[in-house]
$ cat work-v8.cif   # mmCIF, C-alpha atoms
data_input
#
loop_
_atom_site.label_atom_id
_atom_site.label_comp_id
_atom_site.auth_asym_id
_atom_site.auth_seq_id
_atom_site.Cartn_x
_atom_site.Cartn_y
_atom_site.Cartn_z
CA MET A 1 17.80 -32.61 -11.58
CA SER A 2 20.16 -32.84 -8.69
CA PRO A 3 18.59 -32.43 -5.23
CA PHE A 4 20.93 -29.52 -4.50
CA LEU A 5 19.57 -27.49 -7.44
CA PHE A 6 15.99 -28.37 -6.53
CA TRP A 7 16.38 -27.16 -2.95
CA LEU A 8 18.30 -24.06 -4.12
CA PHE A 9 15.53 -22.96 -6.49
CA ALA A 10 12.74 -24.06 -4.13
CA SER A 11 14.22 -22.00 -1.28
CA LEU A 12 14.75 -19.06 -3.69
CA THR A 13 11.08 -19.22 -4.69
CA LEU A 14 9.84 -19.54 -1.11
CA ILE A 15 12.11 -16.88 0.43
CA PHE A 16 11.19 -14.28 -2.19
CA GLY A 17 7.55 -15.38 -1.97
CA ALA A 18 7.64 -14.63 1.74
CA ALA A 19 9.31 -11.29 0.97
CA VAL A 20 6.33 -10.36 -1.27
CA VAL A 21 3.97 -10.77 1.66
CA LEU A 22 6.20 -9.30 4.40
CA ASN A 23 7.63 -6.24 2.66
CA PRO A 24 5.85 -2.99 3.55
CA ASN A 25 6.97 -1.28 0.34
CA PRO A 26 4.94 -2.28 -2.80
CA VAL A 27 7.94 -1.75 -5.13
CA ALA A 28 10.07 -4.15 -3.09
CA SER A 29 7.16 -6.60 -3.09
CA ALA A 30 6.92 -6.45 -6.89
CA LEU A 31 10.67 -7.02 -7.34
CA SER A 32 10.57 -9.95 -4.89
CA LEU A 33 7.72 -11.39 -6.95
CA VAL A 34 9.93 -11.22 -10.08
CA ALA A 35 12.71 -13.12 -8.26
CA SER A 36 10.18 -15.66 -6.97
CA PHE A 37 8.87 -16.23 -10.51
CA LEU A 38 12.39 -16.76 -11.83
CA GLY A 39 12.95 -19.47 -9.20
CA LEU A 40 9.61 -21.02 -10.11
CA SER A 41 10.51 -21.02 -13.78
CA ALA A 42 13.71 -22.93 -12.93
CA LEU A 43 11.56 -25.45 -11.03
CA PHE A 44 9.36 -25.84 -14.13
CA MET A 45 12.44 -26.50 -16.24
CA SER A 46 13.64 -29.08 -13.70
CA LEU A 47 10.36 -30.90 -14.45
CA ASP A 48 11.23 -30.91 -18.21
CA ALA A 49 8.50 -28.33 -18.87
CA PHE A 50 10.68 -25.95 -20.88
CA PHE A 51 7.82 -24.24 -22.70
CA ILE A 52 5.98 -23.45 -19.45
CA GLY A 53 9.22 -22.22 -17.89
CA ILE A 54 9.85 -19.87 -20.79
CA ILE A 55 6.35 -18.41 -20.86
CA GLN A 56 6.53 -18.04 -17.09
CA VAL A 57 9.49 -15.71 -17.57
CA LEU A 58 8.04 -13.96 -20.64
CA VAL A 59 4.47 -13.44 -19.41
CA TYR A 60 4.91 -13.09 -15.65
CA ALA A 61 8.39 -11.70 -15.06
CA GLY A 62 8.09 -9.71 -18.29
CA ALA A 63 4.60 -8.46 -18.99
CA VAL A 64 2.62 -8.81 -15.77
CA MET A 65 5.31 -7.44 -13.48
CA VAL A 66 5.97 -4.47 -15.75
CA LEU A 67 2.24 -3.76 -15.51
CA PHE A 68 2.42 -3.92 -11.70
CA LEU A 69 5.47 -1.64 -11.52
CA PHE A 70 3.86 0.75 -14.01
CA ILE A 71 0.72 1.05 -11.87
CA ILE A 72 2.78 1.52 -8.70
CA MET A 73 4.69 4.31 -10.46
CA LEU A 74 1.48 5.84 -11.84
CA LEU A 75 -0.25 5.94 -8.46
CA ASP A 76 2.95 7.06 -6.70
CA LEU A 77 2.53 4.54 -3.88
CA ARG A 78 4.94 4.72 -1.02
CA ALA A 79 5.51 2.37 1.87
CA GLU A 80 2.38 1.97 3.92
CA GLU A 81 2.25 4.33 6.82
CA ARG A 82 2.06 2.65 10.17
CA ARG A 83 -1.53 2.03 11.06
CA ARG A 84 -2.99 0.54 14.15
CA ILE A 85 -3.00 -3.18 13.39
CA ASN A 86 -6.07 -5.13 14.41
CA TRP A 87 -4.13 -7.90 16.14
CA LEU A 88 -7.17 -10.13 16.61
CA ALA A 89 -7.93 -10.09 12.86
CA ALA A 90 -4.24 -10.58 11.97
CA ALA A 91 -3.92 -13.56 14.31
CA GLY A 92 -7.15 -15.00 12.89
CA GLY A 93 -5.91 -14.67 9.30
CA PHE A 94 -2.54 -16.18 10.19
CA GLY A 95 -4.24 -19.03 12.05
CA VAL A 96 -6.47 -19.86 9.07
CA ALA A 97 -3.40 -19.90 6.77
CA VAL A 98 -1.51 -22.25 9.14
CA ILE A 99 -4.54 -24.56 9.38
CA LEU A 100 -4.73 -24.66 5.56
CA LEU A 101 -1.01 -25.54 5.30
CA VAL A 102 -1.34 -28.31 7.90
CA GLN A 103 -4.34 -29.77 6.09
CA ILE A 104 -2.59 -29.80 2.69
CA CYS A 105 0.52 -31.39 4.27
CA VAL A 106 -1.59 -34.11 5.92
CA VAL A 107 -3.15 -34.88 2.52
CA ILE A 108 0.32 -35.08 0.90
CA VAL A 109 1.66 -37.35 3.68
CA HIS A 110 -1.25 -39.78 3.21
CA PHE A 111 -0.91 -39.67 -0.61
CA GLN A 112 0.97 -42.84 -1.62
CA ALA A 113 2.28 -41.59 -5.00
CA ALA A 114 3.93 -38.61 -3.29
CA LYS A 115 6.69 -40.88 -1.98
CA GLN A 116 7.72 -42.02 -5.48
CA THR A 117 10.40 -40.40 -7.58
CA PHE A 118 9.70 -39.20 -11.10
CA PRO A 119 9.85 -41.94 -13.77
CA PRO A 120 12.50 -41.41 -16.46
CA LEU A 121 11.50 -40.13 -19.88
CA ALA A 122 12.02 -42.29 -22.99
CA ARG A 123 13.80 -39.47 -24.81
CA PRO A 124 14.73 -35.92 -23.91
CA THR A 125 11.69 -33.69 -24.45
CA SER A 126 13.24 -31.25 -26.86
CA ALA A 127 10.01 -31.31 -28.92
CA ASP A 128 8.17 -29.93 -25.92
CA VAL A 129 6.63 -26.94 -27.75
CA TRP A 130 5.60 -29.15 -30.68
CA ASN A 131 3.81 -31.59 -28.37
CA ILE A 132 1.96 -28.87 -26.43
CA GLY A 133 1.02 -27.08 -29.65
CA GLN A 134 -0.30 -30.32 -31.13
CA LEU A 135 -2.50 -30.89 -28.07
CA LEU A 136 -3.57 -27.25 -27.89
CA PHE A 137 -4.71 -26.96 -31.50
CA MET A 138 -6.14 -30.50 -31.88
CA ASN A 139 -7.74 -31.53 -28.58
CA TYR A 140 -8.18 -28.15 -26.93
CA ASN A 141 -9.08 -26.01 -29.92
CA LEU A 142 -12.43 -24.80 -28.55
CA PRO A 143 -11.04 -23.75 -25.13
CA PHE A 144 -8.23 -22.00 -26.98
CA GLN A 145 -10.73 -19.97 -29.03
CA VAL A 146 -12.72 -19.19 -25.87
CA ILE A 147 -9.53 -17.95 -24.19
CA GLY A 148 -9.05 -15.62 -27.16
CA VAL A 149 -12.53 -14.19 -26.63
CA LEU A 150 -11.76 -13.83 -22.90
CA VAL A 151 -8.62 -11.82 -23.61
CA LEU A 152 -10.57 -9.61 -26.05
CA VAL A 153 -13.29 -9.00 -23.43
CA ALA A 154 -10.62 -8.19 -20.82
CA THR A 155 -8.99 -5.69 -23.21
CA VAL A 156 -12.30 -3.96 -23.93
CA GLY A 157 -13.12 -3.95 -20.21
CA VAL A 158 -9.78 -2.37 -19.31
CA VAL A 159 -10.23 0.35 -21.92
CA LEU A 160 -13.73 1.05 -20.64
CA LEU A 161 -12.62 1.12 -16.99
CA SER A 162 -9.65 3.38 -17.52
CA ARG A 163 -11.57 5.90 -19.66
CA ARG A 164 -12.31 9.12 -17.84
CA GLU A 165 -15.99 9.78 -17.24
CA PRO A 166 -17.18 12.65 -19.42
CA ARG A 167 -18.70 15.30 -17.18
CA MET B 168 16.20 -38.29 -4.83
CA ILE B 169 13.53 -35.69 -5.32
CA THR B 170 10.04 -37.14 -5.02
CA LEU B 171 6.68 -35.85 -6.20
CA GLY B 172 5.88 -35.00 -2.58
CA ASP B 173 8.75 -32.48 -2.40
CA TYR B 174 7.28 -30.46 -5.27
CA LEU B 175 3.82 -30.71 -3.73
CA VAL B 176 5.11 -29.44 -0.37
CA VAL B 177 6.84 -26.47 -2.04
CA SER B 178 3.62 -25.75 -3.90
CA ALA B 179 1.59 -25.98 -0.68
CA ILE B 180 3.90 -23.57 1.17
CA LEU B 181 3.79 -21.10 -1.74
CA PHE B 182 -0.02 -21.29 -1.87
CA THR B 183 -0.26 -20.70 1.87
CA MET B 184 2.02 -17.66 1.60
CA GLY B 185 -0.22 -16.18 -1.06
CA PHE B 186 -3.28 -16.98 1.03
CA ALA B 187 -1.74 -15.34 4.10
CA GLY B 188 -0.92 -12.29 1.95
CA VAL B 189 -4.54 -11.99 0.82
CA MET B 190 -5.77 -12.39 4.39
CA LEU B 191 -3.24 -10.13 6.16
CA ARG B 192 -2.15 -7.36 3.79
CA ARG B 193 -4.26 -4.23 3.41
CA ASN B 194 -2.76 -2.85 0.19
CA LEU B 195 -4.78 -3.82 -2.90
CA ILE B 196 -1.69 -4.10 -5.14
CA VAL B 197 0.00 -6.50 -2.72
CA ILE B 198 -3.24 -8.50 -2.49
CA LEU B 199 -3.21 -8.88 -6.30
CA MET B 200 0.44 -10.01 -6.15
CA SER B 201 -0.46 -12.59 -3.49
CA LEU B 202 -3.21 -13.87 -5.81
CA GLU B 203 -0.52 -14.39 -8.46
CA LEU B 204 1.53 -16.38 -5.95
CA MET B 205 -1.45 -18.66 -5.30
CA LEU B 206 -2.07 -19.22 -9.02
CA ASN B 207 1.60 -20.06 -9.54
CA ALA B 208 1.60 -22.53 -6.66
CA ALA B 209 -1.27 -24.35 -8.36
CA ASN B 210 0.68 -24.27 -11.65
CA LEU B 211 3.70 -25.88 -9.95
CA SER B 212 1.68 -28.84 -8.72
CA LEU B 213 0.00 -29.19 -12.13
CA VAL B 214 3.38 -29.37 -13.88
CA ALA B 215 4.71 -31.79 -11.25
CA PHE B 216 1.77 -34.16 -11.82
CA SER B 217 2.19 -33.77 -15.59
CA ARG B 218 5.84 -34.89 -15.31
CA PHE B 219 4.92 -37.67 -12.89
CA ARG B 220 2.42 -39.28 -15.30
CA VAL B 221 4.73 -40.54 -18.03
CA GLY B 222 2.64 -42.18 -20.76
CA ALA B 223 3.29 -45.34 -22.77
CA ASN B 224 5.25 -43.33 -25.37
CA GLY B 225 7.68 -42.17 -22.66
CA LEU B 226 6.54 -38.55 -22.74
CA PRO B 227 5.01 -36.54 -19.87
CA ASN B 228 1.24 -36.12 -19.83
CA TYR B 229 0.98 -32.78 -21.61
CA ASN B 230 -2.66 -32.17 -20.61
CA GLY B 231 -1.48 -30.63 -17.35
CA GLN B 232 0.89 -28.28 -19.16
CA VAL B 233 -1.85 -27.15 -21.54
CA PHE B 234 -3.96 -26.41 -18.47
CA VAL B 235 -1.10 -24.35 -17.01
CA PHE B 236 -0.99 -22.42 -20.30
CA PHE B 237 -4.69 -21.58 -19.90
CA VAL B 238 -4.19 -20.59 -16.25
CA ILE B 239 -1.36 -18.21 -17.20
CA THR B 240 -3.52 -16.60 -19.89
CA VAL B 241 -6.47 -16.14 -17.54
CA ALA B 242 -4.16 -14.79 -14.82
CA ALA B 243 -2.75 -12.18 -17.22
CA ALA B 244 -6.27 -11.06 -18.15
CA GLU B 245 -7.24 -10.99 -14.48
CA VAL B 246 -4.25 -8.81 -13.56
CA ALA B 247 -5.06 -6.36 -16.36
CA VAL B 248 -8.70 -6.00 -15.25
CA GLY B 249 -7.76 -5.91 -11.55
CA LEU B 250 -5.22 -3.15 -12.06
CA ALA B 251 -7.68 -1.14 -14.20
CA LEU B 252 -10.22 -1.42 -11.36
CA LEU B 253 -7.51 -0.32 -8.93
CA VAL B 254 -6.73 2.77 -11.01
CA ALA B 255 -10.44 3.62 -11.29
CA LEU B 256 -10.79 3.19 -7.52
CA TYR B 257 -7.73 5.36 -6.88
CA ARG B 258 -9.24 8.11 -9.03
CA ALA B 259 -12.45 8.02 -7.04
CA ARG B 260 -11.07 7.57 -3.50
CA GLN B 261 -7.31 8.40 -3.60
CA THR B 262 -6.46 5.23 -1.69
CA THR B 263 -5.43 1.62 -2.31
CA ASN B 264 -6.00 0.53 1.26
CA VAL B 265 -8.89 -1.89 1.59
CA GLU B 266 -9.76 -0.58 5.04
CA ASP B 267 -10.62 2.83 3.57
CA ILE B 268 -13.12 1.32 1.14
CA ARG B 269 -16.06 0.58 3.34
CA SER B 270 -19.15 1.83 1.51
CA LEU B 271 -20.44 -1.72 1.08
CA LYS B 272 -19.40 -2.81 4.57
CA PHE B 273 -22.30 -3.87 6.77
#

$ encode --input "work-v8.cif" --output "structure tokens"
Amino acid sequence: MSPFLFWLFASLTLIFGAAVVLNPNPVASALSLVASFLGLSALFMSLDAFFIGIIQVLVYAGAVMVLFLFIIMLLDLRAEERRRINWLAAAGGFGVAVILLVQICVVIVHFQAAKQTFPPLARPTSADVWNIGQLLFMNYNLPFQVIGVLVLVATVGVVLLSRREPR
Amino acid sequence: MITLGDYLVVSAILFTMGFAGVMLRRNLIVILMSLELMLNAANLSLVAFSRFRVGANGLPNYNGQVFVFFVITVAAAEVAVGLALLVALYRARQTTNVEDIRSLKF
């Protein structure tokens, strides 16, 4: 991965990530999130994680964001009307976020391995899906089954929540 | 050359953006989107570490990528339940602004 492409996709991800938070209109936020996820998926592929990059596009940019846009359409949300902003609370929240970022960056600076480049792979990982599937169904079979139960419970919960209460 | 630290810094900035969104925004849908940003920032650092740890067979350590797979599945379930709660709340209160939902506020 050339440094130019890395910084291109990293800045794409970060700029649209900032747009999600800063945009007053929820529809614009959702579309910025799609663009941010596409940049992130390119970053995954630059790390030779092709399977993760593909499901990032399929699950997030495809399914999850359609769900978000569908709900925004259903509730007919418009841009937030101007409210009186509690500046003290906003400054406090921003301050906590900046402190968190500084702390994580200090940890990364003192982390020795962070200064190393990525070691080369023995062969191109074209069998990426095969390898992950092998690990998923051999070593992580029980967590995989549990995830299936979790998705079933979530489906039943959503149906129950969105059912209208009989009067 | 791109180092591991570059990916970790991008991941840290993305996580902080999501965190700031959860702290500062008042619209529940945007708060859920910011949660997704935070989960994806964690995924990015997991994949970076997975690529960094090349094993003896010359392949990345796929344990991290399997973990990312689980995180994506849980995040999809979380979004579905969160949005169903949001719709139920909107039916009851006609608002998605967290400042209008103060029945439990002390």

$ closest_residue --input "work-v8.cif" --among "A:Ser126, A:Gln145, A:Thr117, A:Thr155" --to "chain B" --atoms "all atoms listed in the file"
A:Thr117

$ closest_residue --input "work-v8.cif" --among "B:Leu191, B:Val176, B:Ala208, B:Ala251" --to "A:Phe44" --atoms "only C-alpha atoms"
B:Ala208

$ closest_residue --input "work-v8.cif" --among "B:Asn210, B:Thr262, B:Thr183, B:Ser178" --to "chain A" --atoms "only C-alpha atoms"
B:Thr183

$ closest_residue --input "work-v8.cif" --among "B:Gly185, B:Asn224, B:Leu250, B:Lys272" --to "A:Leu69" --atoms "only C-alpha atoms"
B:Leu250

$ residues_around --input "work-v8.cif" --residues "A:Ala42" --least-positions-apart "4" --cutoff "12 Å" --atoms "all atoms listed in the file" --output "ChimeraX atom specification"
/A:1,5-13,35-38,46-57 /B:211

$ atom_distance --input "work-v8.cif" --atom1 "atom CA of B:Val241" --atom2 "atom CA of A:Ile147"
7.5 Å

$ axis_aligned_box --input "work-v8.cif" --around "stretch 79-98 of chain A" --padding-each-side "8 Å" --output "AutoDock Vina command-line options"
--center_x -1.2 --center_y -9.0 --center_z 9.2 --size_x 29.4 --size_y 42.6 --size_z 30.7

$ residues_around --input "work-v8.cif" --residues "A:Ala90" --least-positions-apart "6" --cutoff "12 Å" --atoms "only C-alpha atoms" --output "list of chain:residue names"
A:Arg84, A:Val96, A:Ala97, B:Ala187, B:Gly188, B:Val189, B:Met190, B:Leu191, B:Arg192, B:Arg193

$ write_last_selection --input "work-v8.cif" --atoms "C-alpha atoms" --output "compact mmCIF listing (two decimals), keeping the file's coordinate frame"
# COMPACT_ATOMS: atom_id res chain seq x y z
CA ARG A 84 -2.99 0.54 14.15
CA VAL A 96 -6.47 -19.86 9.07
CA ALA A 97 -3.40 -19.90 6.77
CA ALA B 187 -1.74 -15.34 4.10
CA GLY B 188 -0.92 -12.29 1.95
CA VAL B 189 -4.54 -11.99 0.82
CA MET B 190 -5.77 -12.39 4.39
CA LEU B 191 -3.24 -10.13 6.16
CA ARG B 192 -2.15 -7.36 3.79
CA ARG B 193 -4.26 -4.23 3.41

$ resolve_selection --input "work-v8.cif" --expression "the PyMOL selection byres ((chain B and resi 186) around 12)" --output "MDAnalysis selection string"
(chainID A and resid 17:18 20:21 93:101) or (chainID B and resid 179:185 187:192 197:206 208)

$ residues_around --input "work-v8.cif" --residues "B:Gly249" --least-positions-apart "4" --cutoff "10 Å" --atoms "all atoms listed in the file" --output "count of residues only"
11

$ resolve_selection --input "work-v8.cif" --expression "the PyMOL selection byres ((chain A and resi 113) around 12)" --output "PDB file with C-alpha atoms, in the frame of the given file"
ATOM      1  CA  VAL A 107      -3.150 -34.880   2.520  1.00  0.00           C
ATOM      2  CA  ILE A 108       0.320 -35.080   0.900  1.00  0.00           C
ATOM      3  CA  VAL A 109       1.660 -37.350   3.680  1.00  0.00           C
ATOM      4  CA  HIS A 110      -1.250 -39.780   3.210  1.00  0.00           C
ATOM      5  CA  PHE A 111      -0.910 -39.670  -0.610  1.00  0.00           C
ATOM      6  CA  GLN A 112       0.970 -42.840  -1.620  1.00  0.00           C
ATOM      7  CA  ALA A 114       3.930 -38.610  -3.290  1.00  0.00           C
ATOM      8  CA  LYS A 115       6.690 -40.880  -1.980  1.00  0.00           C
ATOM      9  CA  GLN A 116       7.720 -42.020  -5.480  1.00  0.00           C
ATOM     10  CA  THR A 117      10.400 -40.400  -7.580  1.00  0.00           C
ATOM     11  CA  PHE A 118       9.700 -39.200 -11.100  1.00  0.00           C
ATOM     12  CA  PRO A 119       9.850 -41.940 -13.770  1.00  0.00           C
TER      13      PRO A 119
ATOM     14  CA  THR B 170      10.040 -37.140  -5.020  1.00  0.00           C
ATOM     15  CA  LEU B 171       6.680 -35.850  -6.200  1.00  0.00           C
ATOM     16  CA  GLY B 172       5.880 -35.000  -2.580  1.00  0.00           C
ATOM     17  CA  ASP B 173       8.750 -32.480  -2.400  1.00  0.00           C
ATOM     18  CA  LEU B 175       3.820 -30.710  -3.730  1.00  0.00           C
ATOM     19  CA  ALA B 215       4.710 -31.790 -11.250  1.00  0.00           C
ATOM     20  CA  PHE B 216       1.770 -34.160 -11.820  1.00  0.00           C
ATOM     21  CA  PHE B 219       4.920 -37.670 -12.890  1.00  0.00           C
ATOM     22  CA  ARG B 220       2.420 -39.280 -15.300  1.00  0.00           C
TER      23      ARG B 220
END

$ closest_residue --input "work-v8.cif" --among "B:Ala242, B:Val248, B:Val233, B:Met168" --to "A:Asn141" --atoms "all atoms listed in the file"
B:Val233

$ closest_residue --input "work-v8.cif" --among "A:Ser29, A:Met65, A:Ser2, A:Ile71" --to "A:Leu43" --atoms "all atoms listed in the file"
A:Ser2

$ atom_distance --input "work-v8.cif" --atom1 "atom CA of A:Leu74" --atom2 "atom CA of A:Gly62"
18.1 Å

$ atom_distance --input "work-v8.cif" --atom1 "atom CA of B:Gln261" --atom2 "atom CA of A:Val27"
18.4 Å

$ resolve_selection --input "work-v8.cif" --expression "the PyMOL selection byres ((chain B and resi 217) around 8)" --output "PyMOL selection string"
chain B and resi 213-216+218-221+227-232

$ build_atoms --input "work-v8.cif" --residues "stretch 136-146 of chain A" --atoms "all heavy atoms" --output "mmCIF file, in the coordinates of the input"
data_model
loop_
_atom_site.group_PDB
_atom_site.id
_atom_site.type_symbol
_atom_site.label_atom_id
_atom_site.label_comp_id
_atom_site.auth_asym_id
_atom_site.auth_seq_id
_atom_site.Cartn_x
_atom_site.Cartn_y
_atom_site.Cartn_z
ATOM 1 N N LEU A 136 -2.803 -28.487 -28.032
ATOM 2 C CA LEU A 136 -3.570 -27.250 -27.890
ATOM 3 C C LEU A 136 -4.465 -27.022 -29.096
ATOM 4 O O LEU A 136 -5.627 -26.632 -28.964
ATOM 5 C CB LEU A 136 -2.586 -26.090 -27.744
ATOM 6 C CG LEU A 136 -3.106 -24.772 -27.219
ATOM 7 C CD1 LEU A 136 -3.677 -24.960 -25.839
ATOM 8 C CD2 LEU A 136 -1.976 -23.783 -27.162
ATOM 9 N N PHE A 137 -3.931 -27.283 -30.302
ATOM 10 C CA PHE A 137 -4.710 -26.960 -31.500
ATOM 11 C C PHE A 137 -5.571 -28.121 -31.960
ATOM 12 O O PHE A 137 -6.468 -27.923 -32.782
ATOM 13 C CB PHE A 137 -3.796 -26.501 -32.624
ATOM 14 C CG PHE A 137 -3.234 -25.140 -32.380
ATOM 15 C CD1 PHE A 137 -1.926 -24.975 -31.982
ATOM 16 C CD2 PHE A 137 -4.035 -24.020 -32.505
ATOM 17 C CE1 PHE A 137 -1.419 -23.728 -31.723
ATOM 18 C CE2 PHE A 137 -3.537 -22.768 -32.245
ATOM 19 C CZ PHE A 137 -2.219 -22.624 -31.857
ATOM 20 N N MET A 138 -5.286 -29.367 -31.495
ATOM 21 C CA MET A 138 -6.140 -30.500 -31.880
ATOM 22 C C MET A 138 -7.206 -30.754 -30.821
ATOM 23 O O MET A 138 -8.388 -30.607 -31.074
ATOM 24 C CB MET A 138 -5.300 -31.765 -32.085
ATOM 25 C CG MET A 138 -4.161 -31.599 -33.055
ATOM 26 S SD MET A 138 -4.692 -31.303 -34.738
ATOM 27 C CE MET A 138 -4.959 -32.981 -35.267
ATOM 28 N N ASN A 139 -6.776 -31.103 -29.602
ATOM 29 C CA ASN A 139 -7.740 -31.530 -28.580
ATOM 30 C C ASN A 139 -8.415 -30.351 -27.896
ATOM 31 O O ASN A 139 -9.554 -30.442 -27.490
ATOM 32 C CB ASN A 139 -7.046 -32.381 -27.514
ATOM 33 C CG ASN A 139 -6.466 -33.636 -28.084
ATOM 34 O OD1 ASN A 139 -6.284 -33.724 -29.296
ATOM 35 N ND2 ASN A 139 -6.182 -34.599 -27.243
ATOM 36 N N TYR A 140 -7.651 -29.256 -27.712
ATOM 37 C CA TYR A 140 -8.180 -28.150 -26.930
ATOM 38 C C TYR A 140 -8.424 -26.930 -27.799
ATOM 39 O O TYR A 140 -8.191 -25.811 -27.369
ATOM 40 C CB TYR A 140 -7.211 -27.795 -25.789
ATOM 41 C CG TYR A 140 -7.084 -28.869 -24.752
ATOM 42 C CD1 TYR A 140 -6.079 -29.812 -24.822
ATOM 43 C CD2 TYR A 140 -7.996 -28.956 -23.709
ATOM 44 C CE1 TYR A 140 -5.971 -30.808 -23.877
ATOM 45 C CE2 TYR A 140 -7.893 -29.952 -22.764
ATOM 46 C CZ TYR A 140 -6.876 -30.872 -22.848
ATOM 47 O OH TYR A 140 -6.779 -31.855 -21.911
ATOM 48 N N ASN A 141 -8.917 -27.155 -29.025
ATOM 49 C CA ASN A 141 -9.080 -26.010 -29.920
ATOM 50 C C ASN A 141 -10.191 -25.089 -29.440
ATOM 51 O O ASN A 141 -10.020 -23.864 -29.429
ATOM 52 C CB ASN A 141 -9.392 -26.520 -31.335
ATOM 53 C CG ASN A 141 -9.006 -25.504 -32.378
ATOM 54 O OD1 ASN A 141 -8.690 -24.373 -32.035
ATOM 55 N ND2 ASN A 141 -9.028 -25.889 -33.619
ATOM 56 N N LEU A 142 -11.326 -25.647 -28.997
ATOM 57 C CA LEU A 142 -12.430 -24.800 -28.550
ATOM 58 C C LEU A 142 -12.053 -23.973 -27.323
ATOM 59 O O LEU A 142 -12.240 -22.747 -27.336
ATOM 60 C CB LEU A 142 -13.674 -25.658 -28.290
ATOM 61 C CG LEU A 142 -14.884 -24.844 -27.844
ATOM 62 C CD1 LEU A 142 -15.332 -23.902 -28.961
ATOM 63 C CD2 LEU A 142 -16.024 -25.744 -27.428
ATOM 64 N N PRO A 143 -11.475 -24.596 -26.250
ATOM 65 C CA PRO A 143 -11.040 -23.750 -25.130
ATOM 66 C C PRO A 143 -10.048 -22.675 -25.551
ATOM 67 O O PRO A 143 -10.083 -21.556 -25.016
ATOM 68 C CB PRO A 143 -10.383 -24.749 -24.172
ATOM 69 C CG PRO A 143 -10.983 -26.034 -24.490
ATOM 70 C CD PRO A 143 -11.318 -26.020 -25.934
ATOM 71 N N PHE A 144 -9.203 -22.988 -26.525
ATOM 72 C CA PHE A 144 -8.230 -22.000 -26.980
ATOM 73 C C PHE A 144 -8.932 -20.796 -27.612
ATOM 74 O O PHE A 144 -8.576 -19.645 -27.338
ATOM 75 C CB PHE A 144 -7.299 -22.675 -27.994
ATOM 76 C CG PHE A 144 -6.131 -21.836 -28.396
ATOM 77 C CD1 PHE A 144 -5.154 -21.508 -27.484
ATOM 78 C CD2 PHE A 144 -6.017 -21.377 -29.685
ATOM 79 C CE1 PHE A 144 -4.083 -20.733 -27.850
ATOM 80 C CE2 PHE A 144 -4.941 -20.602 -30.056
ATOM 81 C CZ PHE A 144 -3.979 -20.275 -29.138
ATOM 82 N N GLN A 145 -9.974 -21.072 -28.433
ATOM 83 C CA GLN A 145 -10.730 -19.970 -29.030
ATOM 84 C C GLN A 145 -11.443 -19.158 -27.943
ATOM 85 O O GLN A 145 -11.490 -17.932 -27.993
ATOM 86 C CB GLN A 145 -11.760 -20.490 -30.024
ATOM 87 C CG GLN A 145 -11.219 -21.418 -31.088
ATOM 88 C CD GLN A 145 -10.263 -20.726 -32.022
ATOM 89 O OE1 GLN A 145 -10.356 -19.524 -32.200
ATOM 90 N NE2 GLN A 145 -9.345 -21.472 -32.594
ATOM 91 N N VAL A 146 -11.999 -19.876 -26.943
ATOM 92 C CA VAL A 146 -12.720 -19.190 -25.870
ATOM 93 C C VAL A 146 -11.782 -18.282 -25.091
ATOM 94 O O VAL A 146 -12.136 -17.156 -24.723
ATOM 95 C CB VAL A 146 -13.397 -20.235 -24.947
ATOM 96 C CG1 VAL A 146 -13.993 -19.574 -23.727
ATOM 97 C CG2 VAL A 146 -14.479 -20.972 -25.700
#
